[in-house]
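Everything below belongs to work_9.pdb, which stores PDB, C-alpha atoms.
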```pdb
ATOM      1  CA  MET A   1      72.443  70.518 142.790
ATOM      2  CA  PHE A   2      71.187  74.044 143.375
ATOM      3  CA  LYS A   3      70.283  76.659 145.928
ATOM      4  CA  LEU A   4      66.605  77.491 146.391
ATOM      5  CA  ASN A   5      67.320  81.184 146.682
ATOM      6  CA  PRO A   6      70.582  82.180 145.045
ATOM      7  CA  HIS A   7      70.224  85.704 146.446
ATOM      8  CA  ALA A   8      69.996  84.646 150.072
ATOM      9  CA  GLY A   9      73.647  83.719 150.358
ATOM     10  CA  SER A  10      72.797  80.234 151.636
ATOM     11  CA  GLU A  11      75.316  77.519 151.036
ATOM     12  CA  CYS A  12      72.723  74.765 151.239
ATOM     13  CA  ALA A  13      72.710  72.698 148.046
ATOM     14  CA  MET A  14      69.825  70.386 147.184
ATOM     15  CA  LYS A  15      69.183  67.466 144.923
ATOM     16  CA  VAL A  16      65.842  66.855 143.208
ATOM     17  CA  SER A  17      64.766  63.392 142.050
ATOM     18  CA  LEU A  18      61.490  62.466 140.404
ATOM     19  CA  VAL A  19      59.480  59.917 142.392
ATOM     20  CA  TRP A  20      56.370  59.744 140.233
ATOM     21  CA  SER A  21      54.522  61.752 137.581
ATOM     22  CA  SER A  22      51.229  61.543 135.662
ATOM     23  CA  PRO A  23      51.361  59.005 132.824
ATOM     24  CA  LYS A  24      51.692  60.557 129.348
ATOM     25  CA  PRO A  25      51.587  64.106 130.715
ATOM     26  CA  GLU A  26      51.133  65.843 127.366
ATOM     27  CA  ARG A  27      48.205  63.573 126.502
ATOM     28  CA  THR A  28      46.703  64.182 129.959
ATOM     29  CA  ILE A  29      46.844  67.930 129.326
ATOM     30  CA  ALA A  30      45.302  67.372 125.877
ATOM     31  CA  VAL A  31      42.469  65.309 127.431
ATOM     32  CA  ALA A  32      41.664  68.183 129.807
ATOM     33  CA  MET A  33      41.719  70.636 126.952
ATOM     34  CA  ARG A  34      39.508  68.547 124.676
ATOM     35  CA  ARG A  35      37.088  67.990 127.595
ATOM     36  CA  CYS A  36      36.231  71.704 127.467
ATOM     37  CA  TYR A  37      35.314  71.685 123.796
ATOM     38  CA  SER A  38      34.004  68.176 123.121
ATOM     39  CA  THR A  39      30.710  66.445 123.907
ATOM     40  CA  LYS A  40      32.319  63.016 123.416
ATOM     41  CA  VAL A  41      32.744  60.402 126.148
ATOM     42  CA  ILE A  42      36.268  60.129 127.547
ATOM     43  CA  GLU A  43      37.131  56.921 125.657
ATOM     44  CA  ASP A  44      36.385  58.657 122.342
ATOM     45  CA  ILE A  45      38.481  61.661 123.307
ATOM     46  CA  GLU A  46      41.351  59.338 124.256
ATOM     47  CA  SER A  47      41.080  57.374 120.992
ATOM     48  CA  GLU A  48      40.996  60.608 119.015
ATOM     49  CA  LEU A  49      44.149  61.785 120.780
ATOM     50  CA  GLU A  50      45.934  58.453 120.243
ATOM     51  CA  GLN A  51      44.926  58.388 116.607
ATOM     52  CA  LYS A  52      46.031  61.953 115.871
ATOM     53  CA  GLY A  53      49.294  61.460 117.778
ATOM     54  CA  THR A  54      51.857  63.707 119.363
ATOM     55  CA  GLU A  55      51.723  66.456 116.737
ATOM     56  CA  TYR A  56      48.103  67.068 117.729
ATOM     57  CA  TRP A  57      48.991  67.077 121.459
ATOM     58  CA  LYS A  58      51.680  69.626 120.622
ATOM     59  CA  PHE A  59      49.135  71.741 118.733
ATOM     60  CA  LEU A  60      46.731  71.717 121.702
ATOM     61  CA  LEU A  61      49.483  72.481 124.196
ATOM     62  CA  THR A  62      50.725  75.365 122.049
ATOM     63  CA  LYS A  63      47.176  76.732 121.867
ATOM     64  CA  CYS A  64      46.658  76.604 125.624
ATOM     65  CA  LEU A  65      49.974  78.407 126.144
ATOM     66  CA  GLN A  66      49.083  81.059 123.564
ATOM     67  CA  ASP A  67      45.623  81.547 125.133
ATOM     68  CA  ARG A  68      47.213  81.531 128.597
ATOM     69  CA  SER A  69      44.707  78.836 129.637
ATOM     70  CA  LEU A  70      47.140  77.303 132.069
ATOM     71  CA  ASP A  71      44.462  75.559 134.152
ATOM     72  CA  VAL A  72      44.771  72.455 131.948
ATOM     73  CA  LEU A  73      48.392  72.076 133.076
ATOM     74  CA  GLU A  74      47.148  71.362 136.606
ATOM     75  CA  HIS A  75      46.282  67.797 135.605
ATOM     76  CA  PHE A  76      49.978  66.997 135.042
ATOM     77  CA  THR A  77      51.141  66.280 138.572
ATOM     78  CA  MET A  78      54.421  65.029 140.036
ATOM     79  CA  SER A  79      56.067  63.983 143.300
ATOM     80  CA  LEU A  80      59.719  64.741 143.984
ATOM     81  CA  LEU A  81      62.319  63.789 146.532
ATOM     82  CA  VAL A  82      64.216  66.931 147.568
ATOM     83  CA  GLU A  83      67.389  66.117 149.493
ATOM     84  CA  GLY A  84      69.584  68.493 151.438
ATOM     85  CA  ALA A  85      67.050  71.308 151.905
ATOM     86  CA  ALA A  86      67.021  73.509 155.004
ATOM     87  CA  GLU A  87      63.654  74.114 156.649
ATOM     88  CA  VAL A  88      63.949  77.877 156.280
ATOM     89  CA  GLU A  89      64.361  77.581 152.514
ATOM     90  CA  VAL A  90      61.504  75.121 152.064
ATOM     91  CA  SER A  91      59.260  77.330 154.229
ATOM     92  CA  ARG A  92      60.076  80.356 152.120
ATOM     93  CA  LEU A  93      59.263  78.478 148.919
ATOM     94  CA  VAL A  94      56.013  76.976 150.218
ATOM     95  CA  ARG A  95      54.830  80.327 151.568
ATOM     96  CA  ARG A  96      55.371  81.865 148.156
ATOM     97  CA  PHE A  97      53.850  78.897 146.293
ATOM     98  CA  PRO A  98      51.084  77.474 148.497
ATOM     99  CA  TYR A  99      50.156  74.771 145.970
ATOM    100  CA  ILE A 100      53.449  72.987 146.593
ATOM    101  CA  HIS A 101      52.851  70.245 149.140
ATOM    102  CA  ALA A 102      55.992  69.545 151.158
ATOM    103  CA  THR A 103      56.356  66.830 153.770
ATOM    104  CA  ARG A 104      59.510  66.549 155.819
ATOM    105  CA  LEU A 105      61.021  63.064 155.771
ATOM    106  CA  ASN A 106      64.010  63.747 158.028
ATOM    107  CA  GLU A 107      66.415  66.554 158.871
ATOM    108  CA  ALA A 108      67.109  67.708 155.325
ATOM    109  CA  ASP A 109      65.009  65.492 153.028
ATOM    110  CA  TRP A 110      61.512  66.327 151.794
ATOM    111  CA  LEU A 111      58.752  64.880 149.672
ATOM    112  CA  PHE A 112      57.311  67.525 147.343
ATOM    113  CA  SER A 113      54.183  67.277 145.193
ATOM    114  CA  LEU A 114      53.125  69.914 142.697
ATOM    115  CA  ASN A 115      51.455  70.315 139.346
ATOM    116  CA  ALA A 116      52.836  71.648 136.084
ATOM    117  CA  ARG A 117      51.053  74.994 136.416
ATOM    118  CA  THR A 118      52.872  75.631 139.681
ATOM    119  CA  LEU A 119      56.092  74.557 137.964
ATOM    120  CA  VAL A 120      55.517  77.222 135.287
ATOM    121  CA  GLU A 121      54.815  79.815 137.986
ATOM    122  CA  LEU A 122      58.023  78.825 139.784
ATOM    123  CA  TRP A 123      59.923  79.149 136.515
ATOM    124  CA  ARG A 124      58.623  82.694 136.037
ATOM    125  CA  ASP A 125      59.597  83.739 139.560
ATOM    126  CA  ARG A 126      63.052  85.022 140.442
ATOM    127  CA  GLU A 127      63.181  83.066 143.687
ATOM    128  CA  GLY A 128      61.454  79.978 142.315
ATOM    129  CA  LYS A 129      63.485  79.717 139.119
ATOM    130  CA  PRO A 130      66.499  77.748 140.465
ATOM    131  CA  PHE A 131      64.190  75.091 141.897
ATOM    132  CA  ALA A 132      62.080  75.016 138.708
ATOM    133  CA  GLU A 133      65.210  74.612 136.590
ATOM    134  CA  SER A 134      66.257  71.672 138.679
ATOM    135  CA  VAL A 135      62.818  70.026 138.319
ATOM    136  CA  VAL A 136      62.782  70.612 134.558
ATOM    137  CA  ALA A 137      66.299  69.142 134.281
ATOM    138  CA  GLU A 138      65.094  66.056 136.165
ATOM    139  CA  LEU A 139      62.018  65.735 133.896
ATOM    140  CA  ASP A 140      64.408  66.010 130.934
ATOM    141  CA  ARG A 141      66.744  63.392 132.378
ATOM    142  CA  LYS A 142      63.876  60.941 132.929
ATOM    143  CA  LYS A 143      62.323  61.796 129.520
ATOM    144  CA  VAL A 144      58.980  62.307 131.255
ATOM    145  CA  SER A 145      57.519  65.154 129.216
ATOM    146  CA  PRO A 146      59.778  66.035 126.265
ATOM    147  CA  LEU A 147      57.087  67.903 124.307
ATOM    148  CA  PHE A 148      55.988  69.872 127.347
ATOM    149  CA  ASN A 149      59.543  70.775 128.314
ATOM    150  CA  GLU A 150      60.423  71.824 124.780
ATOM    151  CA  LEU A 151      57.316  73.969 124.327
ATOM    152  CA  VAL A 152      57.110  75.522 127.771
ATOM    153  CA  PHE A 153      60.726  75.855 128.839
ATOM    154  CA  GLY A 154      62.709  75.158 125.690
ATOM    155  CA  ASP A 155      62.499  78.431 123.846
ATOM    156  CA  ARG A 156      62.238  80.557 127.019
ATOM    157  CA  ILE A 157      59.261  82.417 125.521
ATOM    158  CA  HIS A 158      55.954  81.059 126.815
ATOM    159  CA  ALA A 159      57.012  80.484 130.394
ATOM    160  CA  ARG A 160      58.680  83.850 130.776
TER     161      ARG A 160
ATOM    162  CA  MET B   1      18.109  55.791 140.748
ATOM    163  CA  VAL B   2      21.137  57.914 140.147
ATOM    164  CA  THR B   3      21.038  60.163 137.298
ATOM    165  CA  GLU B   4      20.065  57.525 134.824
ATOM    166  CA  SER B   5      23.442  57.585 133.125
ATOM    167  CA  MET B   6      25.961  59.299 135.388
ATOM    168  CA  ARG B   7      29.385  57.754 134.971
ATOM    169  CA  VAL B   8      32.611  58.244 136.904
ATOM    170  CA  LYS B   9      35.974  56.892 135.809
ATOM    171  CA  LEU B  10      39.426  57.088 137.385
ATOM    172  CA  LEU B  11      41.882  58.232 134.703
ATOM    173  CA  TYR B  12      45.031  57.942 136.831
ATOM    174  CA  ASN B  13      46.247  58.057 140.380
ATOM    175  CA  THR B  14      49.622  58.529 142.056
ATOM    176  CA  ASP B  15      51.500  55.263 142.502
ATOM    177  CA  LEU B  16      51.427  54.785 146.262
ATOM    178  CA  GLU B  17      54.174  52.149 146.004
ATOM    179  CA  ALA B  18      56.562  54.725 144.503
ATOM    180  CA  LEU B  19      55.966  57.015 147.483
ATOM    181  CA  LYS B  20      56.316  54.149 149.961
ATOM    182  CA  LYS B  21      59.622  53.179 148.361
ATOM    183  CA  VAL B  22      61.000  56.657 149.065
ATOM    184  CA  LEU B  23      59.793  56.447 152.657
ATOM    185  CA  ALA B  24      61.501  53.057 153.040
ATOM    186  CA  GLU B  25      64.767  54.396 151.561
ATOM    187  CA  LYS B  26      64.679  57.258 154.028
ATOM    188  CA  ARG B  27      63.657  54.940 156.892
ATOM    189  CA  VAL B  28      60.447  56.842 157.500
ATOM    190  CA  PRO B  29      57.468  54.728 158.654
ATOM    191  CA  PHE B  30      54.450  54.653 156.324
ATOM    192  CA  ASP B  31      51.929  57.181 157.584
ATOM    193  CA  PRO B  32      48.860  57.601 155.350
ATOM    194  CA  GLU B  33      48.101  60.937 156.976
ATOM    195  CA  ALA B  34      51.456  62.310 155.784
ATOM    196  CA  LEU B  35      50.939  61.051 152.227
ATOM    197  CA  MET B  36      47.438  62.440 151.706
ATOM    198  CA  ASP B  37      48.762  65.625 150.106
ATOM    199  CA  HIS B  38      50.887  63.602 147.705
ATOM    200  CA  VAL B  39      48.414  61.031 146.377
ATOM    201  CA  VAL B  40      46.490  62.540 143.480
ATOM    202  CA  TYR B  41      43.510  61.193 141.499
ATOM    203  CA  MET B  42      42.260  62.350 138.113
ATOM    204  CA  PHE B  43      38.604  61.529 137.457
ATOM    205  CA  GLU B  44      36.315  61.808 134.449
ATOM    206  CA  ILE B  45      32.713  62.587 135.424
ATOM    207  CA  GLU B  46      30.037  62.251 132.772
ATOM    208  CA  ASP B  47      26.363  63.085 132.612
ATOM    209  CA  CYS B  48      25.666  64.513 136.004
ATOM    210  CA  SER B  49      23.722  67.762 136.181
ATOM    211  CA  ARG B  50      25.206  71.245 136.293
ATOM    212  CA  VAL B  51      23.409  71.634 139.632
ATOM    213  CA  THR B  52      25.824  69.073 141.017
ATOM    214  CA  THR B  53      28.943  70.411 139.325
ATOM    215  CA  HIS B  54      28.155  73.864 140.750
ATOM    216  CA  GLN B  55      28.262  72.235 144.173
ATOM    217  CA  LEU B  56      31.372  70.212 143.333
ATOM    218  CA  VAL B  57      33.534  73.108 142.122
ATOM    219  CA  ARG B  58      32.964  74.953 145.385
ATOM    220  CA  HIS B  59      35.616  72.550 146.693
ATOM    221  CA  ARG B  60      38.411  74.762 145.500
ATOM    222  CA  VAL B  61      41.509  72.705 146.248
ATOM    223  CA  ALA B  62      41.158  70.663 143.077
ATOM    224  CA  SER B  63      41.520  71.225 139.330
ATOM    225  CA  TYR B  64      38.528  71.115 137.005
ATOM    226  CA  ASP B  65      38.000  71.297 133.243
ATOM    227  CA  GLN B  66      34.387  71.123 132.152
ATOM    228  CA  GLU B  67      32.541  70.827 128.858
ATOM    229  CA  SER B  68      31.774  74.389 127.788
ATOM    230  CA  GLN B  69      28.282  75.477 126.799
ATOM    231  CA  ARG B  70      29.886  78.297 124.854
ATOM    232  CA  PHE B  71      30.961  75.808 122.207
ATOM    233  CA  SER B  72      28.863  72.630 122.659
ATOM    234  CA  ALA B  73      25.251  72.526 121.482
ATOM    235  CA  ALA B  74      22.674  71.498 124.102
ATOM    236  CA  THR B  75      19.997  68.864 123.443
ATOM    237  CA  LYS B  76      16.768  68.234 125.310
ATOM    238  CA  GLU B  77      17.727  64.580 125.878
ATOM    239  CA  GLY B  78      20.574  65.790 128.041
ATOM    240  CA  ALA B  79      18.795  66.732 131.260
ATOM    241  CA  VAL B  80      18.693  65.035 134.651
ATOM    242  CA  THR B  81      15.293  64.445 136.262
ATOM    243  CA  PRO B  82      15.395  64.236 140.086
ATOM    244  CA  PRO B  83      13.691  61.153 141.568
ATOM    245  CA  SER B  84      11.138  63.278 143.451
ATOM    246  CA  ILE B  85       9.963  64.703 140.126
ATOM    247  CA  GLN B  86      10.075  61.346 138.352
ATOM    248  CA  ALA B  87       7.865  59.871 141.054
ATOM    249  CA  ASN B  88       5.257  62.602 140.822
ATOM    250  CA  GLU B  89       3.004  62.554 137.787
ATOM    251  CA  VAL B  90       1.993  66.214 137.933
ATOM    252  CA  ALA B  91       5.545  67.427 138.584
ATOM    253  CA  SER B  92       6.940  65.137 135.918
ATOM    254  CA  ARG B  93       4.556  66.528 133.311
ATOM    255  CA  ALA B  94       5.296  70.149 134.287
ATOM    256  CA  TYR B  95       9.049  69.430 134.223
ATOM    257  CA  GLY B  96       8.868  67.793 130.792
ATOM    258  CA  GLU B  97       6.826  70.643 129.327
ATOM    259  CA  ALA B  98       9.167  73.283 130.717
ATOM    260  CA  LEU B  99      12.241  71.486 129.336
ATOM    261  CA  LYS B 100      10.585  71.127 125.949
ATOM    262  CA  SER B 101       9.764  74.819 125.868
ATOM    263  CA  VAL B 102      13.251  75.882 126.981
ATOM    264  CA  TYR B 103      15.045  73.697 124.433
ATOM    265  CA  SER B 104      12.687  74.819 121.692
ATOM    266  CA  ALA B 105      13.567  78.456 122.463
ATOM    267  CA  TYR B 106      17.288  77.555 122.591
ATOM    268  CA  GLU B 107      17.174  75.827 119.208
ATOM    269  CA  LYS B 108      15.215  78.686 117.651
ATOM    270  CA  MET B 109      17.736  81.227 118.909
ATOM    271  CA  VAL B 110      20.728  79.222 117.661
ATOM    272  CA  ALA B 111      18.979  78.733 114.276
ATOM    273  CA  ALA B 112      18.353  82.480 114.154
ATOM    274  CA  GLY B 113      22.092  83.102 114.488
ATOM    275  CA  VAL B 114      22.426  83.796 118.195
ATOM    276  CA  PRO B 115      25.830  82.466 119.380
ATOM    277  CA  LYS B 116      25.562  79.342 121.553
ATOM    278  CA  GLU B 117      27.310  81.240 124.351
ATOM    279  CA  ASP B 118      24.367  83.671 124.467
ATOM    280  CA  ALA B 119      21.539  81.224 123.723
ATOM    281  CA  ARG B 120      22.702  79.120 126.691
ATOM    282  CA  TYR B 121      21.447  81.754 129.128
ATOM    283  CA  ILE B 122      18.053  80.093 128.893
ATOM    284  CA  LEU B 123      19.297  76.545 129.582
ATOM    285  CA  PRO B 124      18.348  74.785 132.842
ATOM    286  CA  THR B 125      20.874  73.687 135.467
ATOM    287  CA  ALA B 126      19.399  70.202 135.053
ATOM    288  CA  ILE B 127      21.476  69.915 131.878
ATOM    289  CA  LYS B 128      23.971  67.032 131.819
ATOM    290  CA  THR B 129      27.648  67.877 131.704
ATOM    291  CA  LYS B 130      31.071  66.246 131.514
ATOM    292  CA  LEU B 131      34.265  67.260 133.290
ATOM    293  CA  VAL B 132      37.678  66.112 134.448
ATOM    294  CA  MET B 133      38.742  66.655 138.036
ATOM    295  CA  THR B 134      42.186  66.247 139.604
ATOM    296  CA  ILE B 135      42.296  66.216 143.389
ATOM    297  CA  ASN B 136      44.604  65.013 146.133
ATOM    298  CA  ALA B 137      43.516  62.568 148.833
ATOM    299  CA  ARG B 138      43.346  65.199 151.576
ATOM    300  CA  SER B 139      41.058  67.432 149.594
ATOM    301  CA  LEU B 140      39.013  64.450 148.419
ATOM    302  CA  MET B 141      38.574  63.332 152.022
ATOM    303  CA  HIS B 142      37.146  66.757 152.843
ATOM    304  CA  VAL B 143      34.731  66.507 149.894
ATOM    305  CA  ILE B 144      33.674  63.050 151.072
ATOM    306  CA  TRP B 145      33.014  64.251 154.619
ATOM    307  CA  GLN B 146      30.978  67.190 153.390
ATOM    308  CA  ARG B 147      29.066  65.611 150.558
ATOM    309  CA  THR B 148      28.208  62.165 151.814
ATOM    310  CA  ALA B 149      26.500  63.656 154.868
ATOM    311  CA  LEU B 150      22.777  63.032 155.072
ATOM    312  CA  GLN B 151      21.974  66.690 154.508
ATOM    313  CA  ALA B 152      23.889  66.716 151.201
ATOM    314  CA  GLN B 153      21.781  66.464 148.058
ATOM    315  CA  TRP B 154      21.118  63.043 146.511
ATOM    316  CA  GLU B 155      23.017  63.574 143.260
ATOM    317  CA  ILE B 156      26.303  64.863 144.689
ATOM    318  CA  ARG B 157      26.092  62.229 147.416
ATOM    319  CA  GLU B 158      25.974  59.541 144.757
ATOM    320  CA  LEU B 159      28.727  61.186 142.734
ATOM    321  CA  VAL B 160      31.068  61.551 145.699
ATOM    322  CA  THR B 161      30.344  58.006 146.853
ATOM    323  CA  SER B 162      31.541  56.827 143.429
ATOM    324  CA  LEU B 163      34.696  58.976 143.714
ATOM    325  CA  TYR B 164      35.381  57.487 147.124
ATOM    326  CA  ASP B 165      34.833  53.916 145.905
ATOM    327  CA  LEU B 166      37.258  54.418 143.013
ATOM    328  CA  ALA B 167      39.911  56.088 145.191
ATOM    329  CA  ARG B 168      39.650  53.384 147.828
ATOM    330  CA  GLU B 169      39.876  50.644 145.206
ATOM    331  CA  ALA B 170      42.968  52.244 143.613
ATOM    332  CA  THR B 171      44.826  52.919 146.870
ATOM    333  CA  PRO B 172      43.202  50.695 149.511
ATOM    334  CA  GLU B 173      46.110  50.891 151.931
ATOM    335  CA  LEU B 174      45.875  54.686 152.152
ATOM    336  CA  TRP B 175      42.135  54.791 152.790
ATOM    337  CA  ALA B 176      41.941  51.719 155.017
ATOM    338  CA  LYS B 177      44.312  53.277 157.540
ATOM    339  CA  ILE B 178      42.455  56.563 157.429
ATOM    340  CA  ILE B 179      39.071  54.905 157.934
ATOM    341  CA  GLU B 180      40.454  52.919 160.886
ATOM    342  CA  ARG B 181      41.066  56.217 162.647
TER     343      ARG B 181
END
```
Could I get this file's structure written as structure tokens?
Amino acid sequence: MFKLNPHAGSECAMKVSLVWSSPKPERTIAVAMRRCYSTKVIEDIESELEQKGTEYWKFLLTKCLQDRSLDVLEHFTMSLLVEGAAEVEVSRLVRRFPYIHATRLNEADWLFSLNARTLVELWRDREGKPFAESVVAELDRKKVSPLFNELVFGDRIHAR
Amino acid sequence: MVTESMRVKLLYNTDLEALKKVLAEKRVPFDPEALMDHVVYMFEIEDCSRVTTHQLVRHRVASYDQESQRFSAATKEGAVTPPSIQANEVASRAYGEALKSVYSAYEKMVAAGVPKEDARYILPTAIKTKLVMTINARSLMHVIWQRTALQAQWEIRELVTSLYDLAREATPELWAKIIER
């Protein structure tokens, strides 16, 4: 449970649950990255990534973070159920981060979709950080993207 | 006639059932229009021309990662020939000669030590390319409307028709209700 903007003095607390996310997110990011540098067909890129395993995905992800080539993160997408959110707070967040898609389900519940690049941008933003932390905690809980979470948010360096 | 070897593959798409389950839990009726921002498709596109990918990436609400000519060597086999040129003997000969000359210059420059990123300045936009594209249903619908119109060019029309076929096959319920409207 968290407040979207801890500085606004709102008492509204929200709950974030993961509805769906890209399969094998770290490998998806690695596919996008290899696509830029390889002439191979996609099946060969995928086999190469499976064969080399998670250490190689970690290497590629580290490289894209070091190079600040965050566009490849956009292929890791997720949908979230956000419960207990006031319209004014969601509006503020969506105005600041226009690549978050928010659909109101009822009075205080929303369906959010965003990609991992937007998540990183939220994490770096004072107002977006509480929401980002809640999403990252949910990804951790569901064990969706352990490598990604460790590398991007774990040491508090790259995503700063 | 498509680009002899253009290939489009769906790498993943959002699980519509997972979204519908949330709607059901919240007692919200299924409305495809409301879910179009939330259903995402990731496609691999192979061996279409750079002419077409220049048109495609003008649709900005999507994510693209494309094979880079800075690092990949070009070959003269990798060029698309439009049907109007294929069907015309004179044009076909002129096209083939020009490609041969361009690739010969490219190979000479690379052999002489010019970096690929600089030698590529001479390459034609007919060159085949590969890319991944991630796009949501709303943005894809806009691309479909724009690029399957009769005035759109033949290659992007064929590409976008393939994207539409794959998206519709993966999430028929979403697209069927939209088409009905």
Next on the checklist: When you look at Lys9 (chain B) with a cut-off of 7 Å (counting all atoms listed in the file), what residues show up, excluding the ones that are within fewer than 2 positions of it in the same chain? I need them as a list in words.
Outcome noted: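 My list of contacting residues is Arg7, Leu11, Phe43, Glu44 and Ile45 of chain B.
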Next on the checklist: Take the ChimeraX specification (/B :<10) & /A, run it mentally on this structure, and tell me the resulting residues as a VMD selection string.
Outcome noted: chain A and resid 19 to 23 28 31 to 42 71 to 81 99 to 106 109 to 115
Same residues, C-alpha atoms, saved as a PDB file, in the frame of the given file:
```
ATOM      1  CA  VAL A  19      59.480  59.917 142.392  1.00  0.00           C
ATOM      2  CA  TRP A  20      56.370  59.744 140.233  1.00  0.00           C
ATOM      3  CA  SER A  21      54.522  61.752 137.581  1.00  0.00           C
ATOM      4  CA  SER A  22      51.229  61.543 135.662  1.00  0.00           C
ATOM      5  CA  PRO A  23      51.361  59.005 132.824  1.00  0.00           C
ATOM      6  CA  THR A  28      46.703  64.182 129.959  1.00  0.00           C
ATOM      7  CA  VAL A  31      42.469  65.309 127.431  1.00  0.00           C
ATOM      8  CA  ALA A  32      41.664  68.183 129.807  1.00  0.00           C
ATOM      9  CA  MET A  33      41.719  70.636 126.952  1.00  0.00           C
ATOM     10  CA  ARG A  34      39.508  68.547 124.676  1.00  0.00           C
ATOM     11  CA  ARG A  35      37.088  67.990 127.595  1.00  0.00           C
ATOM     12  CA  CYS A  36      36.231  71.704 127.467  1.00  0.00           C
ATOM     13  CA  TYR A  37      35.314  71.685 123.796  1.00  0.00           C
ATOM     14  CA  SER A  38      34.004  68.176 123.121  1.00  0.00           C
ATOM     15  CA  THR A  39      30.710  66.445 123.907  1.00  0.00           C
ATOM     16  CA  LYS A  40      32.319  63.016 123.416  1.00  0.00           C
ATOM     17  CA  VAL A  41      32.744  60.402 126.148  1.00  0.00           C
ATOM     18  CA  ILE A  42      36.268  60.129 127.547  1.00  0.00           C
ATOM     19  CA  ASP A  71      44.462  75.559 134.152  1.00  0.00           C
ATOM     20  CA  VAL A  72      44.771  72.455 131.948  1.00  0.00           C
ATOM     21  CA  LEU A  73      48.392  72.076 133.076  1.00  0.00           C
ATOM     22  CA  GLU A  74      47.148  71.362 136.606  1.00  0.00           C
ATOM     23  CA  HIS A  75      46.282  67.797 135.605  1.00  0.00           C
ATOM     24  CA  PHE A  76      49.978  66.997 135.042  1.00  0.00           C
ATOM     25  CA  THR A  77      51.141  66.280 138.572  1.00  0.00           C
ATOM     26  CA  MET A  78      54.421  65.029 140.036  1.00  0.00           C
ATOM     27  CA  SER A  79      56.067  63.983 143.300  1.00  0.00           C
ATOM     28  CA  LEU A  80      59.719  64.741 143.984  1.00  0.00           C
ATOM     29  CA  LEU A  81      62.319  63.789 146.532  1.00  0.00           C
ATOM     30  CA  TYR A  99      50.156  74.771 145.970  1.00  0.00           C
ATOM     31  CA  ILE A 100      53.449  72.987 146.593  1.00  0.00           C
ATOM     32  CA  HIS A 101      52.851  70.245 149.140  1.00  0.00           C
ATOM     33  CA  ALA A 102      55.992  69.545 151.158  1.00  0.00           C
ATOM     34  CA  THR A 103      56.356  66.830 153.770  1.00  0.00           C
ATOM     35  CA  ARG A 104      59.510  66.549 155.819  1.00  0.00           C
ATOM     36  CA  LEU A 105      61.021  63.064 155.771  1.00  0.00           C
ATOM     37  CA  ASN A 106      64.010  63.747 158.028  1.00  0.00           C
ATOM     38  CA  ASP A 109      65.009  65.492 153.028  1.00  0.00           C
ATOM     39  CA  TRP A 110      61.512  66.327 151.794  1.00  0.00           C
ATOM     40  CA  LEU A 111      58.752  64.880 149.672  1.00  0.00           C
ATOM     41  CA  PHE A 112      57.311  67.525 147.343  1.00  0.00           C
ATOM     42  CA  SER A 113      54.183  67.277 145.193  1.00  0.00           C
ATOM     43  CA  LEU A 114      53.125  69.914 142.697  1.00  0.00           C
ATOM     44  CA  ASN A 115      51.455  70.315 139.346  1.00  0.00           C
TER      45      ASN A 115
END
```
Next on the checklist: With distances taken over all atoms listed in the file, which residue among B:Leu150, B:Ile127, B:Met109, B:Val8 lies nearest Thr81 (chain B)?
Outcome noted: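 The shortest atom-to-atom distance to Thr81 (chain B) comes from B:Ile127.
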Neighbouring residues of Ala132 (chain A) were defined as those with any atom within 7 Å, considering all atoms listed in the file; residues of the same chain fewer than 5 positions away were excluded. Please report them as a PDB file with C-alpha atoms, in the frame of the given file.
```pdb
ATOM      1  CA  LEU A 119      56.092  74.557 137.964  1.00  0.00           C
ATOM      2  CA  LEU A 122      58.023  78.825 139.784  1.00  0.00           C
ATOM      3  CA  TRP A 123      59.923  79.149 136.515  1.00  0.00           C
TER       4      TRP A 123
END
```
Next on the checklist: Under the PyMOL selection byres ((chain B and resi 163) around 9), which residues of this model are included? Write them out as a PyMOL selection string.
Outcome noted: chain B and resi 8-10+43+140+144+158-162+164-168
Item to check | Contact residues around Asn149 (chain A) with all atoms listed in the file at 8 Å, ignoring same-chain residues under 4 positions, as number ranges by chain | outcome: A: 136, 139-140, 145, 153-154
